[in-house]
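Report on the following structure.
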Amino acid sequence: MECEHLLNASTIALCIFIFIQQVQHISATAANTKTKAPAVLIFGDSNVDAGNNNAIFTLVKSDHPPYGQNFPHHLATGRFSNGRNPGDMIASLLGIKDYVPAYQGTNLTEYDLLTGVSFASGGAGYDPLTSELVQVLTMDDQIKMFKEYKQKIKAIVGEKIAEEIISKSLYVVVSGATDLANTYFTTPFRRNYDLSSYNQLLVQFASKFYQDLYNLGARRISVTGMPPIGSLPSQRTNAGGIERNTVPLYNQASVMYNTDLLKETQRLNKTLPGVSIVFQDLYTPILDMAQRPSAYGFEVTDRGCCGTGIFEITLTCNRYTSEPCKDPSKFLFWDTFHLTEKGYTILISELVARYGLNVE
């Protein structure tokens, strides 16, 4: 019994030592971030949700197979793909960690909190109506969770180091696609706006969100533009006719939005002292992959890997009625809205090559 007691005491001491070493490492990184950020903090929609929707009552879920079939241990974590998502990939490229956990519904360690989490919610958009229609977390909800997060890390490392982590971390915001694809084009609830006016409304919502982050201490913010909505399998099915063609109007809407959002981020960079907001163009690389699949090793880009690939997404992409394709690496899209892990990997590689990681 005495040996067992000594063993337990030694184990506890070792765990404490390891944790102290981790905190010291994070503190040193926060103090000197010439090469990387101390943490990655993720906001937005299903492209970067790591499982927050698992903890809320909504139909927008991916915590079931075949989602996650290529994730370690084949776990369906709530990521909307067959493997890692862009948040994981960015954290890995920065040398912070390989997986960014969800803030909600996860047993987070102190190290998890100090190195970054995802607040993103599948189905969310800059327009609060987008989130409300499918009962997911709004962008304001994500800001509230971030405020709570700040208090948690302050309790772990103290106010001074917590402030350094907050100011020197990388903030990644991926949102907007569900606003156009779901709220504007699919439902009648925003049709009192013409397309140009709705895009301007989205940019206003987006700008307020970036300014909210800034006012809470964020300084390095990477934001993504709109993908080619009309080239997504879901929208080809919804509006592409019998042949499921690309929908030119939807892609034009994406281009209009991206032009407006880029101008707004440029304005904010001039008016918010010390901020670095980097707009990242998703439209060009995703459209190129869709139009020149063989150049990237893809064979199928007009439908998803899950089931028929024509309508399957969230609950309809399941192991009972939607057997996935045998080789997801040949598909650009996993379901009808989200890329495969290979698709995301190529996308992130292209974005980093063009824009860097915004941690200088």
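A note on labels: chains of the structure tokens are A, B, ... as shown, every chain counts residues from 1, and ligands are counted from 1 in their shown order.
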* DSSP on the backbone, then: every residue of range 55-216 of chain A marked alpha helix (DSSP H), written as an NGL selection string. => :A and (86-93 or 110-115 or 128-133 or 139-157 or 159-168 or 177-178 or 185-186 or 195-215)
Please identify all polymer residues within 9 Å of Leu202 in chain A, counting only C-alpha atoms, omitting same-chain residues fewer than 6 positions from it, and present them as a JSON list (two decimals) with all heavy atoms, in the first residue's frame.
```
[["chain", "number", "residue", "atom", "x", "y", "z"],
["A", 125, "GLY", "N", -24.33, 31.91, -39.42],
["A", 125, "GLY", "CA", -23.97, 32.90, -40.43],
["A", 125, "GLY", "C", -23.82, 34.26, -39.77],
["A", 125, "GLY", "O", -24.15, 34.43, -38.59],
["A", 126, "TYR", "N", -23.32, 35.23, -40.52],
["A", 126, "TYR", "CA", -23.24, 36.59, -39.98],
["A", 126, "TYR", "C", -24.63, 37.13, -39.70],
["A", 126, "TYR", "O", -24.84, 37.84, -38.72],
["A", 126, "TYR", "CB", -22.52, 37.50, -40.98],
["A", 126, "TYR", "CG", -21.04, 37.27, -41.07],
["A", 126, "TYR", "CD1", -20.43, 36.93, -42.28],
["A", 126, "TYR", "CD2", -20.22, 37.40, -39.95],
["A", 126, "TYR", "CE1", -19.06, 36.73, -42.38],
["A", 126, "TYR", "CE2", -18.84, 37.20, -40.03],
["A", 126, "TYR", "CZ", -18.28, 36.86, -41.25],
["A", 126, "TYR", "OH", -16.92, 36.65, -41.34],
["A", 127, "ASP", "N", -25.57, 36.82, -40.56],
["A", 127, "ASP", "CA", -26.97, 37.21, -40.35],
["A", 127, "ASP", "C", -27.52, 36.37, -39.20],
["A", 127, "ASP", "O", -27.57, 35.14, -39.29],
["A", 127, "ASP", "CB", -27.76, 36.93, -41.64],
["A", 127, "ASP", "CG", -29.21, 37.39, -41.56],
["A", 127, "ASP", "OD1", -29.69, 37.71, -40.45],
["A", 127, "ASP", "OD2", -29.88, 37.40, -42.62],
["A", 176, "GLY", "N", -20.57, 33.16, -43.69],
["A", 176, "GLY", "CA", -21.18, 33.86, -44.81],
["A", 176, "GLY", "C", -21.84, 32.96, -45.84],
["A", 176, "GLY", "O", -22.86, 33.33, -46.43],
["A", 179, "ASP", "N", -25.42, 32.09, -45.17],
["A", 179, "ASP", "CA", -26.32, 33.24, -45.30],
["A", 179, "ASP", "C", -26.88, 33.33, -46.72],
["A", 179, "ASP", "O", -28.09, 33.46, -46.92],
["A", 179, "ASP", "CB", -25.57, 34.54, -44.98],
["A", 179, "ASP", "CG", -25.16, 34.63, -43.52],
["A", 179, "ASP", "OD1", -26.01, 34.42, -42.65],
["A", 179, "ASP", "OD2", -23.97, 34.90, -43.26],
["A", 257, "TYR", "N", -20.24, 39.90, -53.00],
["A", 257, "TYR", "CA", -20.00, 39.92, -51.55],
["A", 257, "TYR", "C", -18.51, 40.05, -51.25],
["A", 257, "TYR", "O", -18.10, 40.85, -50.39],
["A", 257, "TYR", "CB", -20.56, 38.65, -50.93],
["A", 257, "TYR", "CG", -20.15, 38.44, -49.48],
["A", 257, "TYR", "CD1", -20.87, 39.03, -48.45],
["A", 257, "TYR", "CD2", -19.06, 37.64, -49.16],
["A", 257, "TYR", "CE1", -20.49, 38.84, -47.12],
["A", 257, "TYR", "CE2", -18.68, 37.45, -47.84],
["A", 257, "TYR", "CZ", -19.39, 38.04, -46.83],
["A", 257, "TYR", "OH", -19.01, 37.86, -45.52],
["A", 261, "LEU", "N", -16.73, 42.85, -49.00],
["A", 261, "LEU", "CA", -16.08, 42.49, -47.74],
["A", 261, "LEU", "C", -14.61, 42.88, -47.76],
["A", 261, "LEU", "O", -14.07, 43.35, -46.75],
["A", 261, "LEU", "CB", -16.22, 40.99, -47.47],
["A", 261, "LEU", "CG", -15.67, 40.53, -46.11],
["A", 261, "LEU", "CD1", -16.44, 41.17, -44.96],
["A", 261, "LEU", "CD2", -15.72, 39.00, -45.99]]
```
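Nearest residue to Ala253 in chain A among A:Asp212, A:Asp194, A:Asp98, A:Asp327 is A:Asp194, counting only C-alpha atoms.
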Based on the backbone DSSP call, show me all residues of range 59-284 of chain A assigned strand (DSSP E or B), as a PDB file with C-alpha atoms, in the first residue's frame.
```
ATOM      1  CA  ALA A 102     -14.857  22.517 -29.635  1.00  0.00           C
ATOM      2  CA  SER A 118     -13.345  26.502 -31.788  1.00  0.00           C
ATOM      3  CA  LEU A 170      -4.600  34.090 -34.384  1.00  0.00           C
ATOM      4  CA  TYR A 171      -8.344  34.535 -34.888  1.00  0.00           C
ATOM      5  CA  VAL A 172      -9.908  32.687 -37.808  1.00  0.00           C
ATOM      6  CA  VAL A 173     -13.431  33.595 -38.944  1.00  0.00           C
ATOM      7  CA  VAL A 174     -15.185  31.447 -41.553  1.00  0.00           C
ATOM      8  CA  ARG A 220      -4.621  39.198 -35.754  1.00  0.00           C
ATOM      9  CA  ILE A 221      -7.813  38.269 -37.566  1.00  0.00           C
ATOM     10  CA  SER A 222      -8.013  36.148 -40.712  1.00  0.00           C
ATOM     11  CA  VAL A 223     -11.405  36.216 -42.421  1.00  0.00           C
ATOM     12  CA  THR A 224     -12.542  34.185 -45.395  1.00  0.00           C
ATOM     13  CA  SER A 276      -4.272  43.068 -38.934  1.00  0.00           C
ATOM     14  CA  ILE A 277      -7.382  41.787 -40.687  1.00  0.00           C
ATOM     15  CA  VAL A 278      -6.456  39.565 -43.626  1.00  0.00           C
ATOM     16  CA  PHE A 279      -9.172  38.824 -46.174  1.00  0.00           C
ATOM     17  CA  GLN A 280      -8.695  35.409 -47.770  1.00  0.00           C
TER      18      GLN A 280
END
```
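Comparing the minimum interatomic distances between Leu133 in chain A and each of A:Val60, A:Val203, A:Ala290, A:Ala120, counting only C-alpha atoms, we find that A:Val60 sits nearest.
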* Distance query range 329-337 of chain A at most 7 Å, only C-alpha atoms, self and fewer than 4 positions along chain excluded, as number ranges by chain -> A: 81-82, 232-234, 297-301, 303-306, 309-313, 342-343
